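> What follows is model24.tsv, made up of TSV, N, CA, C and O atoms and all ligand atoms:
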chain	number	residue	atom	x	y	z
O	1	MET	N	54.80	-30.17	-67.62
O	1	MET	CA	55.29	-31.55	-67.83
O	1	MET	C	55.10	-31.98	-69.28
O	1	MET	O	53.99	-31.87	-69.79
O	2	PRO	N	56.16	-32.43	-69.93
O	2	PRO	CA	56.02	-32.84	-71.34
O	2	PRO	C	55.27	-34.18	-71.48
O	2	PRO	O	55.13	-34.92	-70.51
O	3	PHE	N	54.83	-34.43	-72.67
O	3	PHE	CA	54.10	-35.67	-72.94
O	3	PHE	C	54.85	-36.51	-73.97
O	3	PHE	O	55.56	-35.98	-74.81
O	4	CYS	N	54.63	-37.81	-73.91
O	4	CYS	CA	55.29	-38.75	-74.80
O	4	CYS	C	54.84	-38.53	-76.24
O	4	CYS	O	53.65	-38.37	-76.51
O	5	TYR	N	55.81	-38.52	-77.17
O	5	TYR	CA	55.47	-38.33	-78.58
O	5	TYR	C	55.03	-39.63	-79.24
O	5	TYR	O	54.52	-39.62	-80.35
O	6	GLU	N	55.24	-40.74	-78.55
O	6	GLU	CA	54.84	-42.03	-79.10
O	6	GLU	C	53.39	-42.34	-78.78
O	6	GLU	O	52.62	-42.75	-79.63
O	7	CYS	N	53.02	-42.15	-77.49
O	7	CYS	CA	51.69	-42.58	-77.07
O	7	CYS	C	50.89	-41.49	-76.37
O	7	CYS	O	49.72	-41.69	-76.07
O	8	GLY	N	51.51	-40.32	-76.14
O	8	GLY	CA	50.78	-39.25	-75.47
O	8	GLY	C	50.72	-39.38	-73.97
O	8	GLY	O	50.04	-38.62	-73.30
O	9	GLY	N	51.43	-40.37	-73.44
O	9	GLY	CA	51.45	-40.57	-71.99
O	9	GLY	C	52.26	-39.51	-71.27
O	9	GLY	O	52.97	-38.72	-71.88
O	10	ARG	N	52.14	-39.52	-69.95
O	10	ARG	CA	52.83	-38.53	-69.16
O	10	ARG	C	54.30	-38.91	-69.00
O	10	ARG	O	54.63	-40.07	-68.77
O	11	LEU	N	55.18	-37.93	-69.11
O	11	LEU	CA	56.61	-38.17	-68.94
O	11	LEU	C	57.03	-37.74	-67.55
O	11	LEU	O	56.68	-36.64	-67.10
O	12	VAL	N	57.75	-38.59	-66.87
O	12	VAL	CA	58.25	-38.28	-65.53
O	12	VAL	C	59.77	-38.22	-65.57
O	12	VAL	O	60.42	-39.12	-66.11
O	13	TYR	N	60.30	-37.14	-65.03
O	13	TYR	CA	61.75	-36.95	-65.04
O	13	TYR	C	62.41	-37.81	-63.97
O	13	TYR	O	62.00	-37.81	-62.81
O	14	GLU	N	63.44	-38.53	-64.39
O	14	GLU	CA	64.20	-39.32	-63.43
O	14	GLU	C	65.57	-38.70	-63.24
O	14	GLU	O	66.36	-38.61	-64.18
O	15	ARG	N	65.81	-38.25	-62.02
O	15	ARG	CA	67.02	-37.50	-61.77
O	15	ARG	C	68.27	-38.35	-61.90
O	15	ARG	O	69.30	-37.89	-62.39
O	16	GLU	N	68.20	-39.61	-61.47
O	16	GLU	CA	69.41	-40.46	-61.51
O	16	GLU	C	69.93	-40.65	-62.92
O	16	GLU	O	71.13	-40.59	-63.18
O	17	THR	N	69.01	-40.88	-63.87
O	17	THR	CA	69.43	-41.15	-65.24
O	17	THR	C	69.34	-39.91	-66.13
O	17	THR	O	69.71	-39.94	-67.29
O	18	LYS	N	68.79	-38.81	-65.56
O	18	LYS	CA	68.61	-37.56	-66.31
O	18	LYS	C	67.80	-37.77	-67.59
O	18	LYS	O	68.09	-37.21	-68.64
O	19	THR	N	66.79	-38.64	-67.50
O	19	THR	CA	65.93	-38.86	-68.66
O	19	THR	C	64.47	-38.73	-68.26
O	19	THR	O	64.12	-38.84	-67.08
O	20	TYR	N	63.63	-38.52	-69.26
O	20	TYR	CA	62.19	-38.51	-69.05
O	20	TYR	C	61.67	-39.89	-69.43
O	20	TYR	O	61.96	-40.38	-70.52
O	21	VAL	N	60.90	-40.48	-68.54
O	21	VAL	CA	60.36	-41.81	-68.79
O	21	VAL	C	58.85	-41.71	-68.96
O	21	VAL	O	58.15	-41.12	-68.13
O	22	CYS	N	58.35	-42.30	-70.04
O	22	CYS	CA	56.91	-42.29	-70.30
O	22	CYS	C	56.21	-43.28	-69.36
O	22	CYS	O	56.63	-44.43	-69.23
O	23	GLN	N	55.12	-42.81	-68.75
O	23	GLN	CA	54.36	-43.67	-67.86
O	23	GLN	C	53.44	-44.60	-68.64
O	23	GLN	O	52.90	-45.56	-68.11
O	24	GLY	N	53.25	-44.28	-69.93
O	24	GLY	CA	52.36	-45.09	-70.74
O	24	GLY	C	53.07	-46.27	-71.40
O	24	GLY	O	52.67	-47.42	-71.24
O	25	CYS	N	54.16	-45.98	-72.13
O	25	CYS	CA	54.81	-47.03	-72.91
O	25	CYS	C	56.24	-47.32	-72.45
O	25	CYS	O	56.87	-48.22	-72.96
O	26	GLY	N	56.75	-46.53	-71.53
O	26	GLY	CA	58.09	-46.79	-71.01
O	26	GLY	C	59.21	-46.21	-71.86
O	26	GLY	O	60.38	-46.43	-71.58
O	27	PHE	N	58.86	-45.48	-72.89
O	27	PHE	CA	59.85	-44.85	-73.75
O	27	PHE	C	60.61	-43.79	-72.95
O	27	PHE	O	60.02	-43.10	-72.13
O	28	THR	N	61.92	-43.69	-73.18
O	28	THR	CA	62.70	-42.69	-72.46
O	28	THR	C	63.25	-41.63	-73.42
O	28	THR	O	63.61	-41.93	-74.56
O	29	TYR	N	63.27	-40.41	-72.95
O	29	TYR	CA	63.82	-39.29	-73.71
O	29	TYR	C	64.84	-38.56	-72.86
O	29	TYR	O	64.62	-38.37	-71.67
O	30	THR	N	65.93	-38.12	-73.48
O	30	THR	CA	66.78	-37.14	-72.82
O	30	THR	C	66.17	-35.77	-73.12
O	30	THR	O	65.34	-35.64	-74.03
O	31	SER	N	66.58	-34.76	-72.35
O	31	SER	CA	65.99	-33.43	-72.60
O	31	SER	C	66.36	-32.94	-74.00
O	31	SER	O	65.60	-32.24	-74.64
O	32	GLN	N	67.54	-33.35	-74.47
O	32	GLN	CA	67.96	-32.99	-75.82
O	32	GLN	C	67.04	-33.62	-76.87
O	32	GLN	O	66.59	-32.97	-77.81
O	33	GLU	N	66.74	-34.88	-76.66
O	33	GLU	CA	65.85	-35.60	-77.59
O	33	GLU	C	64.45	-34.98	-77.60
O	33	GLU	O	63.82	-34.89	-78.64
O	34	LEU	N	63.99	-34.56	-76.43
O	34	LEU	CA	62.69	-33.91	-76.35
O	34	LEU	C	62.66	-32.65	-77.20
O	34	LEU	O	61.71	-32.39	-77.93
O	35	LEU	N	63.73	-31.86	-77.09
O	35	LEU	CA	63.82	-30.61	-77.84
O	35	LEU	C	63.81	-30.89	-79.34
O	35	LEU	O	63.09	-30.25	-80.10
O	36	VAL	N	64.63	-31.85	-79.75
O	36	VAL	CA	64.75	-32.19	-81.17
O	36	VAL	C	63.40	-32.68	-81.71
O	36	VAL	O	62.95	-32.27	-82.77
O	37	GLU	N	62.77	-33.53	-80.93
O	37	GLU	CA	61.48	-34.10	-81.34
O	37	GLU	C	60.41	-33.02	-81.46
O	37	GLU	O	59.64	-33.00	-82.41
O	38	ARG	N	60.41	-32.11	-80.49
O	38	ARG	CA	59.43	-31.02	-80.52
O	38	ARG	C	59.61	-30.18	-81.78
O	38	ARG	O	58.65	-29.84	-82.46
O	39	GLU	N	60.87	-29.87	-82.08
O	39	GLU	CA	61.21	-29.08	-83.27
O	39	GLU	C	60.73	-29.80	-84.54
O	39	GLU	O	60.12	-29.21	-85.41
O	40	ARG	N	60.99	-31.12	-84.57
O	40	ARG	CA	60.64	-31.91	-85.74
O	40	ARG	C	59.13	-31.94	-85.95
O	40	ARG	O	58.65	-31.76	-87.06
O	41	ARG	N	58.38	-32.15	-84.86
O	41	ARG	CA	56.92	-32.18	-84.97
O	41	ARG	C	56.38	-30.83	-85.42
O	41	ARG	O	55.49	-30.75	-86.25
O	42	PHE	N	56.95	-29.78	-84.86
O	42	PHE	CA	56.49	-28.44	-85.19
O	42	PHE	C	56.71	-28.17	-86.68
O	42	PHE	O	55.83	-27.66	-87.36
O	43	ASN	N	57.89	-28.52	-87.17
O	43	ASN	CA	58.22	-28.27	-88.58
O	43	ASN	C	57.34	-29.07	-89.52
O	43	ASN	O	56.90	-28.56	-90.55
O	44	SER	N	57.07	-30.33	-89.17
O	44	SER	CA	56.26	-31.15	-90.08
O	44	SER	C	54.82	-30.66	-90.11
O	44	SER	O	54.16	-30.73	-91.13
O	45	LYS	N	54.33	-30.14	-88.98
O	45	LYS	CA	52.99	-29.56	-88.96
O	45	LYS	C	52.96	-28.32	-89.84
O	45	LYS	O	52.02	-28.09	-90.59
O	46	PHE	N	54.02	-27.54	-89.73
O	46	PHE	CA	54.14	-26.32	-90.54
O	46	PHE	C	54.13	-26.66	-92.02
O	46	PHE	O	53.44	-26.04	-92.82
O	47	GLU	N	54.86	-27.70	-92.41
O	47	GLU	CA	54.90	-28.13	-93.80
O	47	GLU	C	53.53	-28.59	-94.27
O	47	GLU	O	53.11	-28.28	-95.38
O	48	ALA	N	52.83	-29.33	-93.42
O	48	ALA	CA	51.51	-29.83	-93.79
O	48	ALA	C	50.54	-28.67	-94.00
O	48	ALA	O	49.74	-28.69	-94.94
O	49	ASP	N	50.62	-27.66	-93.14
O	49	ASP	CA	49.77	-26.49	-93.29
O	49	ASP	C	50.05	-25.77	-94.59
O	49	ASP	O	49.14	-25.32	-95.28
O	50	LYS	N	51.33	-25.69	-94.93
O	50	LYS	CA	51.72	-25.01	-96.16
O	50	LYS	C	51.16	-25.74	-97.38
O	50	LYS	O	50.65	-25.14	-98.31
O	51	ARG	N	51.25	-27.09	-97.33
O	51	ARG	CA	50.71	-27.90	-98.43
O	51	ARG	C	49.22	-27.71	-98.56
O	51	ARG	O	48.70	-27.61	-99.66
O	52	LYS	N	48.53	-27.68	-97.41
O	52	LYS	CA	47.08	-27.54	-97.42
O	52	LYS	C	46.69	-26.20	-98.02
O	52	LYS	O	45.74	-26.09	-98.79
O	53	LYS	N	47.45	-25.16	-97.69
O	53	LYS	CA	47.17	-23.82	-98.18
O	53	LYS	C	47.35	-23.79	-99.69
O	53	LYS	O	46.55	-23.21	-100.41
O	54	LYS	N	48.40	-24.43	-100.16
O	54	LYS	CA	48.67	-24.48	-101.59
O	54	LYS	C	47.53	-25.16	-102.33
O	54	LYS	O	47.08	-24.70	-103.37
O	55	HIS	N	47.05	-26.25	-101.77
O	55	HIS	CA	45.95	-26.98	-102.36
O	55	HIS	C	44.70	-26.11	-102.41
O	55	HIS	O	43.97	-26.10	-103.41
O	56	GLN	N	44.48	-25.38	-101.33
O	56	GLN	CA	43.32	-24.47	-101.25
O	56	GLN	C	43.41	-23.40	-102.34
O	56	GLN	O	42.42	-23.11	-103.02
O	57	GLU	N	44.59	-22.85	-102.51
O	57	GLU	CA	44.78	-21.82	-103.53
O	57	GLU	C	44.54	-22.39	-104.93
O	57	GLU	O	43.93	-21.74	-105.77
O	58	TYR	N	44.98	-23.60	-105.14
O	58	TYR	CA	44.77	-24.25	-106.43
O	58	TYR	C	43.29	-24.45	-106.69
O	58	TYR	O	42.80	-24.21	-107.79
O	59	LEU	N	42.58	-24.91	-105.64
O	59	LEU	CA	41.15	-25.13	-105.78
O	59	LEU	C	40.42	-23.85	-106.15
O	59	LEU	O	39.56	-23.83	-107.03
O	60	GLU	N	40.80	-22.77	-105.47
O	60	GLU	CA	40.16	-21.48	-105.74
O	60	GLU	C	40.44	-21.02	-107.16
O	60	GLU	O	39.57	-20.51	-107.85
O	61	TRP	N	41.67	-21.23	-107.60
O	61	TRP	CA	42.04	-20.86	-108.95
O	61	TRP	C	41.23	-21.69	-109.96
O	61	TRP	O	40.69	-21.18	-110.94
O	62	TRP	N	41.12	-22.98	-109.67
O	62	TRP	CA	40.41	-23.88	-110.56
O	62	TRP	C	38.94	-23.51	-110.66
O	62	TRP	O	38.36	-23.49	-111.75
O	63	LEU	N	38.34	-23.19	-109.49
O	63	LEU	CA	36.94	-22.83	-109.47
O	63	LEU	C	36.70	-21.49	-110.21
O	63	LEU	O	35.75	-21.36	-110.97
O	64	SER	N	37.60	-20.54	-109.99
O	64	SER	CA	37.40	-19.22	-110.61
O	64	SER	C	37.67	-19.28	-112.10
O	64	SER	O	37.10	-18.51	-112.87
O	65	SER	N	38.51	-20.20	-112.54
O	65	SER	CA	38.80	-20.28	-113.96
O	65	SER	C	37.64	-20.91	-114.73
O	65	SER	O	37.53	-20.76	-115.93
O	66	LYS	N	36.79	-21.61	-114.01
O	66	LYS	CA	35.64	-22.26	-114.67
O	66	LYS	C	34.49	-21.29	-114.92
O	66	LYS	O	33.73	-21.48	-115.84
O	67	SER	N	34.41	-20.26	-114.06
O	67	SER	CA	33.27	-19.36	-114.20
O	67	SER	C	33.55	-18.26	-115.21
O	67	SER	O	34.68	-17.93	-115.48
O	101	ZN	ZN	54.71	-43.27	-74.35
Would you mind writing the file out in structure tokens?

Amino acid sequence: MPFCYECGGRLVYERETKTYVCQGCGFTYTSQELLVERERRFNSKFEADKRKKKHQEYLEWWLSSKS
């Protein structure tokens, strides 16, 4: 069962409207929107990790250049 990207609440599928409804905040997602959102979150996490790694490499370079 997927979880709401807004509040982390549980999403319940409603067959009549073909949407996922959040039990926490009432936000609704279509399955397409869920896929897009998941992709977007995954990519932004990936970007953040890449930035963090770059910063780490810079720090190491800076520290080694001092000694
Ligand atoms: Zn929610």
> Show me which residues are within 6 Å of ligand ZN 101 (chain O) counting all atoms listed in the file, and format the list as an MDAnalysis selection string.
chainID O and resid 4:9 22:27
> Between atom O of O:Asn43 and atom C of O:Ser31, what is the spacing in Å?
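Taking atom C of O:Ser31 as the start and atom O of O:Asn43 as the end point, the length is 19.6 Å.
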> What's the separation between atom CA of O:Thr30 and atom CA of O:Lys18, in Å to one decimal place?
6.8 Å
> If the box runs along x, y and z of the file and leaves 4 Å on each side of stretch 47-66 of chain O, what are its centre and edge lengths in Å, one decimal, as AutoDock Vina command-line options?

--center_x 44.3 --center_y -24.2 --center_z -104.2 --size_x 29.2 --size_y 19.3 --size_z 31.5
> What is the atom N of O:Phe3-atom O of O:Leu35 distance in Å, reported with one decimal?
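Going from atom N of O:Phe3 over to atom O of O:Leu35, I get 11.9 Å.
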> Can you pull out the residues contacting O:Tyr20? Cut-off 7 Å, using only C-alpha atoms, and skip same-chain residues under 4 positions away; I want them as a PDB file with N, CA, C and O atoms, in the frame of the given file.

ATOM      1  N   LEU O  11      55.180 -37.930 -69.110  1.00  0.00           N
ATOM      2  CA  LEU O  11      56.610 -38.170 -68.940  1.00  0.00           C
ATOM      3  C   LEU O  11      57.030 -37.740 -67.550  1.00  0.00           C
ATOM      4  O   LEU O  11      56.680 -36.640 -67.100  1.00  0.00           O
ATOM      5  N   VAL O  12      57.750 -38.590 -66.870  1.00  0.00           N
ATOM      6  CA  VAL O  12      58.250 -38.280 -65.530  1.00  0.00           C
ATOM      7  C   VAL O  12      59.770 -38.220 -65.570  1.00  0.00           C
ATOM      8  O   VAL O  12      60.420 -39.120 -66.110  1.00  0.00           O
ATOM      9  N   TYR O  13      60.300 -37.140 -65.030  1.00  0.00           N
ATOM     10  CA  TYR O  13      61.750 -36.950 -65.040  1.00  0.00           C
ATOM     11  C   TYR O  13      62.410 -37.810 -63.970  1.00  0.00           C
ATOM     12  O   TYR O  13      62.000 -37.810 -62.810  1.00  0.00           O
ATOM     13  N   GLU O  14      63.440 -38.530 -64.390  1.00  0.00           N
ATOM     14  CA  GLU O  14      64.200 -39.320 -63.430  1.00  0.00           C
ATOM     15  C   GLU O  14      65.570 -38.700 -63.240  1.00  0.00           C
ATOM     16  O   GLU O  14      66.360 -38.610 -64.180  1.00  0.00           O
ATOM     17  N   THR O  28      61.920 -43.690 -73.180  1.00  0.00           N
ATOM     18  CA  THR O  28      62.700 -42.690 -72.460  1.00  0.00           C
ATOM     19  C   THR O  28      63.250 -41.630 -73.420  1.00  0.00           C
ATOM     20  O   THR O  28      63.610 -41.930 -74.560  1.00  0.00           O
ATOM     21  N   TYR O  29      63.270 -40.410 -72.950  1.00  0.00           N
ATOM     22  CA  TYR O  29      63.820 -39.290 -73.710  1.00  0.00           C
ATOM     23  C   TYR O  29      64.840 -38.560 -72.860  1.00  0.00           C
ATOM     24  O   TYR O  29      64.620 -38.370 -71.670  1.00  0.00           O
ATOM     25  N   THR O  30      65.930 -38.120 -73.480  1.00  0.00           N
ATOM     26  CA  THR O  30      66.780 -37.140 -72.820  1.00  0.00           C
ATOM     27  C   THR O  30      66.170 -35.770 -73.120  1.00  0.00           C
ATOM     28  O   THR O  30      65.340 -35.640 -74.030  1.00  0.00           O
TER      29      THR O  30
END
> Extract the full set of helix (DSSP H, G or I) residues from stretch 16-46 of chain O according to DSSP on the backbone, and format it as an NGL selection string.
:O and (31-46)
> Emit the selected residues as a PDB file, in the frame of the given file, including N, CA, C and O atoms.

ATOM      1  N   SER O  31      66.580 -34.760 -72.350  1.00  0.00           N
ATOM      2  CA  SER O  31      65.990 -33.430 -72.600  1.00  0.00           C
ATOM      3  C   SER O  31      66.360 -32.940 -74.000  1.00  0.00           C
ATOM      4  O   SER O  31      65.600 -32.240 -74.640  1.00  0.00           O
ATOM      5  N   GLN O  32      67.540 -33.350 -74.470  1.00  0.00           N
ATOM      6  CA  GLN O  32      67.960 -32.990 -75.820  1.00  0.00           C
ATOM      7  C   GLN O  32      67.040 -33.620 -76.870  1.00  0.00           C
ATOM      8  O   GLN O  32      66.590 -32.970 -77.810  1.00  0.00           O
ATOM      9  N   GLU O  33      66.740 -34.880 -76.660  1.00  0.00           N
ATOM     10  CA  GLU O  33      65.850 -35.600 -77.590  1.00  0.00           C
ATOM     11  C   GLU O  33      64.450 -34.980 -77.600  1.00  0.00           C
ATOM     12  O   GLU O  33      63.820 -34.890 -78.640  1.00  0.00           O
ATOM     13  N   LEU O  34      63.990 -34.560 -76.430  1.00  0.00           N
ATOM     14  CA  LEU O  34      62.690 -33.910 -76.350  1.00  0.00           C
ATOM     15  C   LEU O  34      62.660 -32.650 -77.200  1.00  0.00           C
ATOM     16  O   LEU O  34      61.710 -32.390 -77.930  1.00  0.00           O
ATOM     17  N   LEU O  35      63.730 -31.860 -77.090  1.00  0.00           N
ATOM     18  CA  LEU O  35      63.820 -30.610 -77.840  1.00  0.00           C
ATOM     19  C   LEU O  35      63.810 -30.890 -79.340  1.00  0.00           C
ATOM     20  O   LEU O  35      63.090 -30.250 -80.100  1.00  0.00           O
ATOM     21  N   VAL O  36      64.630 -31.850 -79.750  1.00  0.00           N
ATOM     22  CA  VAL O  36      64.750 -32.190 -81.170  1.00  0.00           C
ATOM     23  C   VAL O  36      63.400 -32.680 -81.710  1.00  0.00           C
ATOM     24  O   VAL O  36      62.950 -32.270 -82.770  1.00  0.00           O
ATOM     25  N   GLU O  37      62.770 -33.530 -80.930  1.00  0.00           N
ATOM     26  CA  GLU O  37      61.480 -34.100 -81.340  1.00  0.00           C
ATOM     27  C   GLU O  37      60.410 -33.020 -81.460  1.00  0.00           C
ATOM     28  O   GLU O  37      59.640 -33.000 -82.410  1.00  0.00           O
ATOM     29  N   ARG O  38      60.410 -32.110 -80.490  1.00  0.00           N
ATOM     30  CA  ARG O  38      59.430 -31.020 -80.520  1.00  0.00           C
ATOM     31  C   ARG O  38      59.610 -30.180 -81.780  1.00  0.00           C
ATOM     32  O   ARG O  38      58.650 -29.840 -82.460  1.00  0.00           O
ATOM     33  N   GLU O  39      60.870 -29.870 -82.080  1.00  0.00           N
ATOM     34  CA  GLU O  39      61.210 -29.080 -83.270  1.00  0.00           C
ATOM     35  C   GLU O  39      60.730 -29.800 -84.540  1.00  0.00           C
ATOM     36  O   GLU O  39      60.120 -29.210 -85.410  1.00  0.00           O
ATOM     37  N   ARG O  40      60.990 -31.120 -84.570  1.00  0.00           N
ATOM     38  CA  ARG O  40      60.640 -31.910 -85.740  1.00  0.00           C
ATOM     39  C   ARG O  40      59.130 -31.940 -85.950  1.00  0.00           C
ATOM     40  O   ARG O  40      58.650 -31.760 -87.060  1.00  0.00           O
ATOM     41  N   ARG O  41      58.380 -32.150 -84.860  1.00  0.00           N
ATOM     42  CA  ARG O  41      56.920 -32.180 -84.970  1.00  0.00           C
ATOM     43  C   ARG O  41      56.380 -30.830 -85.420  1.00  0.00           C
ATOM     44  O   ARG O  41      55.490 -30.750 -86.250  1.00  0.00           O
ATOM     45  N   PHE O  42      56.950 -29.780 -84.860  1.00  0.00           N
ATOM     46  CA  PHE O  42      56.490 -28.440 -85.190  1.00  0.00           C
ATOM     47  C   PHE O  42      56.710 -28.170 -86.680  1.00  0.00           C
ATOM     48  O   PHE O  42      55.830 -27.660 -87.360  1.00  0.00           O
ATOM     49  N   ASN O  43      57.890 -28.520 -87.170  1.00  0.00           N
ATOM     50  CA  ASN O  43      58.220 -28.270 -88.580  1.00  0.00           C
ATOM     51  C   ASN O  43      57.340 -29.070 -89.520  1.00  0.00           C
ATOM     52  O   ASN O  43      56.900 -28.560 -90.550  1.00  0.00           O
ATOM     53  N   SER O  44      57.070 -30.330 -89.170  1.00  0.00           N
ATOM     54  CA  SER O  44      56.260 -31.150 -90.080  1.00  0.00           C
ATOM     55  C   SER O  44      54.820 -30.660 -90.110  1.00  0.00           C
ATOM     56  O   SER O  44      54.160 -30.730 -91.130  1.00  0.00           O
ATOM     57  N   LYS O  45      54.330 -30.140 -88.980  1.00  0.00           N
ATOM     58  CA  LYS O  45      52.990 -29.560 -88.960  1.00  0.00           C
ATOM     59  C   LYS O  45      52.960 -28.320 -89.840  1.00  0.00           C
ATOM     60  O   LYS O  45      52.020 -28.090 -90.590  1.00  0.00           O
ATOM     61  N   PHE O  46      54.020 -27.540 -89.730  1.00  0.00           N
ATOM     62  CA  PHE O  46      54.140 -26.320 -90.540  1.00  0.00           C
ATOM     63  C   PHE O  46      54.130 -26.660 -92.020  1.00  0.00           C
ATOM     64  O   PHE O  46      53.440 -26.040 -92.820  1.00  0.00           O
TER      65      PHE O  46
END
> Name the residues of chain O that fall into strand (DSSP E or B) according to DSSP on the backbone, using the chain letters and numbers of this document, as an MDAnalysis selection string.
chainID O and resid 3 10:14 19:22 28:30
> Using the partial input, fill out stretch 14-21 of chain O with all heavy atoms; write the result as a PDB file, in the frame of the given file.

ATOM      1  N   GLU O  14      63.440 -38.530 -64.390  1.00  0.00           N
ATOM      2  CA  GLU O  14      64.200 -39.320 -63.430  1.00  0.00           C
ATOM      3  C   GLU O  14      65.570 -38.700 -63.240  1.00  0.00           C
ATOM      4  O   GLU O  14      66.360 -38.610 -64.180  1.00  0.00           O
ATOM      5  CB  GLU O  14      64.332 -40.776 -63.927  1.00  0.00           C
ATOM      6  CG  GLU O  14      63.058 -41.554 -63.741  1.00  0.00           C
ATOM      7  CD  GLU O  14      63.275 -43.059 -63.814  1.00  0.00           C
ATOM      8  OE1 GLU O  14      64.323 -43.484 -64.330  1.00  0.00           O
ATOM      9  OE2 GLU O  14      62.390 -43.790 -63.366  1.00  0.00           O
ATOM     10  N   ARG O  15      65.810 -38.250 -62.020  1.00  0.00           N
ATOM     11  CA  ARG O  15      67.020 -37.500 -61.770  1.00  0.00           C
ATOM     12  C   ARG O  15      68.270 -38.350 -61.900  1.00  0.00           C
ATOM     13  O   ARG O  15      69.300 -37.890 -62.390  1.00  0.00           O
ATOM     14  CB  ARG O  15      66.958 -36.875 -60.376  1.00  0.00           C
ATOM     15  CG  ARG O  15      67.580 -35.494 -60.364  1.00  0.00           C
ATOM     16  CD  ARG O  15      67.369 -34.791 -59.044  1.00  0.00           C
ATOM     17  NE  ARG O  15      65.954 -34.507 -58.793  1.00  0.00           N
ATOM     18  CZ  ARG O  15      65.513 -33.846 -57.722  1.00  0.00           C
ATOM     19  NH1 ARG O  15      66.355 -33.430 -56.816  1.00  0.00           N
ATOM     20  NH2 ARG O  15      64.242 -33.608 -57.558  1.00  0.00           N
ATOM     21  N   GLU O  16      68.200 -39.610 -61.470  1.00  0.00           N
ATOM     22  CA  GLU O  16      69.410 -40.460 -61.510  1.00  0.00           C
ATOM     23  C   GLU O  16      69.930 -40.650 -62.920  1.00  0.00           C
ATOM     24  O   GLU O  16      71.130 -40.590 -63.180  1.00  0.00           O
ATOM     25  CB  GLU O  16      69.138 -41.849 -60.908  1.00  0.00           C
ATOM     26  CG  GLU O  16      68.540 -41.868 -59.517  1.00  0.00           C
ATOM     27  CD  GLU O  16      67.026 -41.936 -59.568  1.00  0.00           C
ATOM     28  OE1 GLU O  16      66.505 -43.035 -59.750  1.00  0.00           O
ATOM     29  OE2 GLU O  16      66.365 -40.888 -59.453  1.00  0.00           O
ATOM     30  N   THR O  17      69.010 -40.880 -63.870  1.00  0.00           N
ATOM     31  CA  THR O  17      69.430 -41.150 -65.240  1.00  0.00           C
ATOM     32  C   THR O  17      69.340 -39.910 -66.130  1.00  0.00           C
ATOM     33  O   THR O  17      69.710 -39.940 -67.290  1.00  0.00           O
ATOM     34  CB  THR O  17      68.571 -42.273 -65.849  1.00  0.00           C
ATOM     35  OG1 THR O  17      67.194 -41.955 -65.649  1.00  0.00           O
ATOM     36  CG2 THR O  17      68.869 -43.612 -65.190  1.00  0.00           C
ATOM     37  N   LYS O  18      68.790 -38.810 -65.560  1.00  0.00           N
ATOM     38  CA  LYS O  18      68.610 -37.560 -66.310  1.00  0.00           C
ATOM     39  C   LYS O  18      67.800 -37.770 -67.590  1.00  0.00           C
ATOM     40  O   LYS O  18      68.090 -37.210 -68.640  1.00  0.00           O
ATOM     41  CB  LYS O  18      69.963 -36.922 -66.666  1.00  0.00           C
ATOM     42  CG  LYS O  18      70.712 -36.369 -65.467  1.00  0.00           C
ATOM     43  CD  LYS O  18      71.879 -35.497 -65.940  1.00  0.00           C
ATOM     44  CE  LYS O  18      72.537 -34.790 -64.776  1.00  0.00           C
ATOM     45  NZ  LYS O  18      73.222 -35.732 -63.868  1.00  0.00           N
ATOM     46  N   THR O  19      66.790 -38.640 -67.500  1.00  0.00           N
ATOM     47  CA  THR O  19      65.930 -38.860 -68.660  1.00  0.00           C
ATOM     48  C   THR O  19      64.470 -38.730 -68.260  1.00  0.00           C
ATOM     49  O   THR O  19      64.120 -38.840 -67.080  1.00  0.00           O
ATOM     50  CB  THR O  19      66.133 -40.276 -69.244  1.00  0.00           C
ATOM     51  OG1 THR O  19      65.996 -41.244 -68.198  1.00  0.00           O
ATOM     52  CG2 THR O  19      67.478 -40.426 -69.913  1.00  0.00           C
ATOM     53  N   TYR O  20      63.630 -38.520 -69.260  1.00  0.00           N
ATOM     54  CA  TYR O  20      62.190 -38.510 -69.050  1.00  0.00           C
ATOM     55  C   TYR O  20      61.670 -39.890 -69.430  1.00  0.00           C
ATOM     56  O   TYR O  20      61.960 -40.380 -70.520  1.00  0.00           O
ATOM     57  CB  TYR O  20      61.531 -37.450 -69.932  1.00  0.00           C
ATOM     58  CG  TYR O  20      61.852 -36.045 -69.493  1.00  0.00           C
ATOM     59  CD1 TYR O  20      62.981 -35.391 -69.968  1.00  0.00           C
ATOM     60  CD2 TYR O  20      61.017 -35.376 -68.613  1.00  0.00           C
ATOM     61  CE1 TYR O  20      63.284 -34.097 -69.572  1.00  0.00           C
ATOM     62  CE2 TYR O  20      61.305 -34.083 -68.203  1.00  0.00           C
ATOM     63  CZ  TYR O  20      62.435 -33.450 -68.682  1.00  0.00           C
ATOM     64  OH  TYR O  20      62.725 -32.179 -68.284  1.00  0.00           O
ATOM     65  N   VAL O  21      60.900 -40.480 -68.540  1.00  0.00           N
ATOM     66  CA  VAL O  21      60.360 -41.810 -68.790  1.00  0.00           C
ATOM     67  C   VAL O  21      58.850 -41.710 -68.960  1.00  0.00           C
ATOM     68  O   VAL O  21      58.150 -41.120 -68.130  1.00  0.00           O
ATOM     69  CB  VAL O  21      60.699 -42.774 -67.628  1.00  0.00           C
ATOM     70  CG1 VAL O  21      60.134 -44.165 -67.914  1.00  0.00           C
ATOM     71  CG2 VAL O  21      62.195 -42.847 -67.420  1.00  0.00           C
TER      72      VAL O  21
END
